[in-house]
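Notes follow the structure.
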There are 2 protein chains.
Amino acid sequence: MSSTRRDVTIGDVAQHAGVSRAQTARALGGYGAVSEAVLSRVLAAAEALGYRANSLAKSVSTGRSLSVGVVVGDIENPFFGLSVRGISDTLRSAGFDVVLMNTGESHDVEVEAVCALDGKRVDGFIVAPALASAYPHLEALVDSRRPLVLYDREVPGLDAPSVVVDVEAAAEQLTRSLLAAGHRDIGFVSTLNTDDPHWRENQQVAHTPVGRRIAGVLRTLCSEGVEVDLTNIRLGARGAEDIRRHVRELVTGESPVTALLASDAVITISALEELRSLGLTVPAEVSVAVFDDPPWAGLISPPLTVVSQPVLDAGVAAAQQLLELMGAGATVASPNLSAHLISRGSIGPVRDRR
Amino acid sequence: MSSTRRDVTIGDVAQHAGVSRAQTARALGGYGAVSEAVLSRVLAAAEALGYRANSLAKSVSTGRSLSVGVVVGDIENPFFGLSVRGISDTLRSAGFDVVLMNTGESHDVEVEAVCALDGKRVDGFIVAPALASAYPHLEALVDSRRPLVLYDREVPGLDAPSVVVDVEAAAEQLTRSLLAAGHRDIGFVSTLNTDDPHWRENQQVAHTPVGRRIAGVLRTLCSEGVEVDLTNIRLGARGAEDIRRHVRELVTGESPVTALLASDAVITISALEELRSLGLTVPAEVSVAVFDDPPWAGLISPPLTVVSQPVLDAGVAAAQQLLELMGAGATVASPNLSAHLISRGSIGPVRDRR
DNA sequence: TTGAAAGCGCTAACAG
DNA sequence: CTGTTAGCGCTTTCAA
């Protein structure tokens, strides 16, 4: 219908309503003092012309965008899916939009993403960093006083709050139940990104969620005097095929493990597939446990013993932390986010299978 | 360090470099013609002052934001998680950012989301609408010539391309295998939102993905002369408890169904839980099939027979369609997105269980 | 309550 | 290659 390409602007509405631009802006924006008469005239004019507010221009002018940037590693992982829902719902009801960026766990993409969000002048950031040791892009945010909350990972040396689930107690409990079942050779598989150039220079596993899971296990083993074979800890698995290879090596090597710990639900799937194709039954021949509680964990046979994390709560907590940092939410006591063990049926007594 | 709150602007950099603002903008923006000397001076100045480009201002000026809005119903559903990855990766490599909004399948939130994105002047939209019959917000986009691609749902009467997986052939195949196993009483459970006020006024099930799934099944049953009890088709299940209730009613009613079709993976979980707590075994007492192939489908026992959809490809296709609409990508033939049946083990012969 | 005018940070003619 | 001068659409003093 309309032949011109240009947007309908506040000026157009003002003209149509026979009021000044300033007054029109006040009416449309719901601020300042506007008389009933003018208000209705402006609203009618806006409606008639099909006016659509331009929040970019508004942000340029006010310096606030009312949106926050969220950077996650892997949006197809249900862990992040659920986290994002918690974050997103919480921020939306506080009046903020969420700009989500997915990095595929690539550090370079993450740097780009943070930069793009910064360019968009988001009012705050929630980032789940791929690497704990390479953070100049995050430091830049902190230095320029942009609100930043770290999610699911800590970055030592960076002055920003981080929301992580406390998993050590549950990990200890899990380990004790493995020990009680007679397990001494325990394998661990994760997809922690160790290929990245930064990793080689500065190995900081301790502050990753994976690291905390391992720590909980190792500490318990150690305190019980069980010697740990470090080759049974596989950190850098890349993709389904690689996970399966690691699992195969762990359960069929010289001194095979009798129990397998998977770092998350995605890994578990490949691991169970590999065990099945090797003809090994769970838990008769190999015990299995996971550091996540996917909804299907109880449906497989045997039902999976898991360390369950309050994922949605963690997302909500991160959003609340950020709101507080942005001065847009009540001060919230950081909630007690701790995981707990759910024993189902995938851990059984050790049985020699040779 | 810096005492002022104001951002470093192109003007500041220009002054520091001793060049005009226009020239500085060209150097920083990588457009126009700039001499080596000026370029390096400007870059150095920008670095020294900690200049960070403001893409909002740029967008206001140019009228393009280089970002697209994506609206999905339920980001924690792995179906959308995977879709979003396909969309996101494809758009990113074409130079566009993705602004993701999650609606929780609420129509009102969807309207708000589209509006917010429109305010941000995104260059295009990918929307998975909650309702097919209430679309003034989408029509407004089309009318003002904003590129829009519908995802996973069609909206009859709306002039916008939509990317949907063709599921009918696979549904027919599935139905035939049920018939071959002797099933005549088949139940169907979905979470299609029928509570929405708009739904009651104008029931448009045919163009939802759920509708197409049912259609494929019903058509086949019909052509084989099997009579269909419409009370066995449960559309509006809300939440896990409600799904379980529907399942219970279907399998324990007067004339119980012998086969259960779940509309997606999330529903399947609740359905299987309910069957288990009823003590019914699959497929001996009830056969089960799903219109999705979650990664754990092969791990449960019995392994699930599914209609598998090319989810990632669908996401990629939607992004490509949008790029084409925005004039930012090669013309792409709309790919053949069709689902296929994977027979595992959850369909068995009918056996009277009374 | 209203309006004029100056700004927000950046781009885009148009001369030189 | 470079600078000047207008914009982009909206907000925000400051007087009236």
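Just remember, in the structure tokens the first chain shown is A, the second B, etc., residues are 1-based per chain, and ligands are 1-based in the order shown.
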Set the distance at 10 Å and use only C-alpha atoms (C1' of nucleotides): which residues neighbour segment 167-183 of chain A once local chain neighbours fewer than 4 positions away are removed? I'd like the list as a ChimeraX atom specification. /A:209-210,212-221,224,226,257-259,261,286-291,305-309,337-343,347-351
Residues of segment 6-66 of chain A classed as alpha helix (DSSP H) by DSSP on the backbone are to be reported as a PyMOL selection string. chain A and resi 10-17+21-29+36-49+55-62
List as a PyMOL selection string the protein and nucleic acid residues near Arg92 of chain B, meaning an atom at most 10 Å away when only C-alpha atoms (C1' of nucleotides) are counted, but skip any in the same chain fewer than 2 places from it. (chain A and resi 101-102+109+113) or (chain B and resi 66-68+87-90+94-98+319)
Counting only C-alpha atoms (C1' of nucleotides), chain B residues within 7 Å of chain D, as a ChimeraX atom specification: /B:20,23,33-35,60-61
With 6 Å as the limit and counting only C-alpha atoms, what residues in chain B lie close to chain A? Please list them as a list in words. Ala53, Asn54, Ser55, Leu56, Ala57, Val60, Ile75, Glu76, Gly81, Leu82, Val99, Leu100, Gly119, Lys120 and Ile300 of chain B
Would you output that residue set with C-alpha atoms, as a PDB file, in the first residue's frame?
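See again_31.pdb below for the written result:
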```
ATOM      1  CA  ALA B  53      31.745   0.434  18.482  1.00  0.00           C
ATOM      2  CA  ASN B  54      28.082   1.136  19.137  1.00  0.00           C
ATOM      3  CA  SER B  55      26.136  -0.985  16.714  1.00  0.00           C
ATOM      4  CA  LEU B  56      22.843   0.488  17.892  1.00  0.00           C
ATOM      5  CA  ALA B  57      23.812   3.910  16.634  1.00  0.00           C
ATOM      6  CA  VAL B  60      19.761   3.690  13.580  1.00  0.00           C
ATOM      7  CA  ILE B  75      13.630 -23.892  24.172  1.00  0.00           C
ATOM      8  CA  GLU B  76      14.042 -26.723  26.637  1.00  0.00           C
ATOM      9  CA  GLY B  81      17.320 -26.752  20.834  1.00  0.00           C
ATOM     10  CA  LEU B  82      18.587 -28.568  17.790  1.00  0.00           C
ATOM     11  CA  VAL B  99      18.139 -12.733  18.999  1.00  0.00           C
ATOM     12  CA  LEU B 100      16.284 -15.655  20.540  1.00  0.00           C
ATOM     13  CA  GLY B 119      11.345  -2.610  17.995  1.00  0.00           C
ATOM     14  CA  LYS B 120      14.939  -3.732  17.771  1.00  0.00           C
ATOM     15  CA  ILE B 300      15.311 -47.799  26.517  1.00  0.00           C
TER      16      ILE B 300
END
```
For chain C, list the residues within 9 Å of chain A, counting only C-alpha atoms (C1' of nucleotides), and write the list as a list in words.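 The complete set of qualifying residues is DT1, DT2, DG3, DG7, DC8 and DG9 of chain C.
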